[in-house]
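J.: Mind having a look at this structure? Questions to follow.
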Amino acid sequence: MIWQDVILMVGGFGFALALIPAVRAKNKPPRLTCLATGCLLLAFVVCYATLGLWLAAQSGALTALLWFVLLLQRR
């Protein structure tokens, strides 16, 4: 395991934790923000996975999932 994977994983999980209040809150970000952020994070996940940064890919996938949850909550 390389140190960059660990740093990116910690940052990814930090972002996921920071999104929890938004998921639980009544007011949600705009739909386009949720969609664009989720899709861009999925692109990062693919990049991380192709580089063998599996921990970073997992934390990025979780963060993307939370953005898509926010998107669905806007409905």
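Each chain of the structure tokens is named A, B, ... in the order shown, its residues numbered from 1; ligands are numbered from 1 in display order.
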List the neighbours of segment 54-63 of chain A out to 10 Å using only C-alpha atoms; skip same-chain residues closer than 2 positions along the sequence, and give me the result as a ChimeraX atom specification.
T.: /A:1,4-20,37-38,41-52,65-69
J.: From the list A:Cys39, A:Leu53, A:Leu70, A:Arg75, which residue is nearest Ala25 of chain A when using only C-alpha atoms?
T.: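 Selected residue with least distance to Ala25 of chain A: A:Leu70.
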J.: What's the 12 Å shell around Lys26 of chain A, counting only C-alpha atoms, without same-chain residues fewer than 4 positions away, as a PyMOL selection string?
T.: chain A and resi 21-22+70+73-74
J.: Run DSSP on the backbone of this structure and report the residues of chain A it assigns to alpha helix (DSSP H), as a PyMOL selection string.
T.: chain A and resi 3-24+31-50+54-73
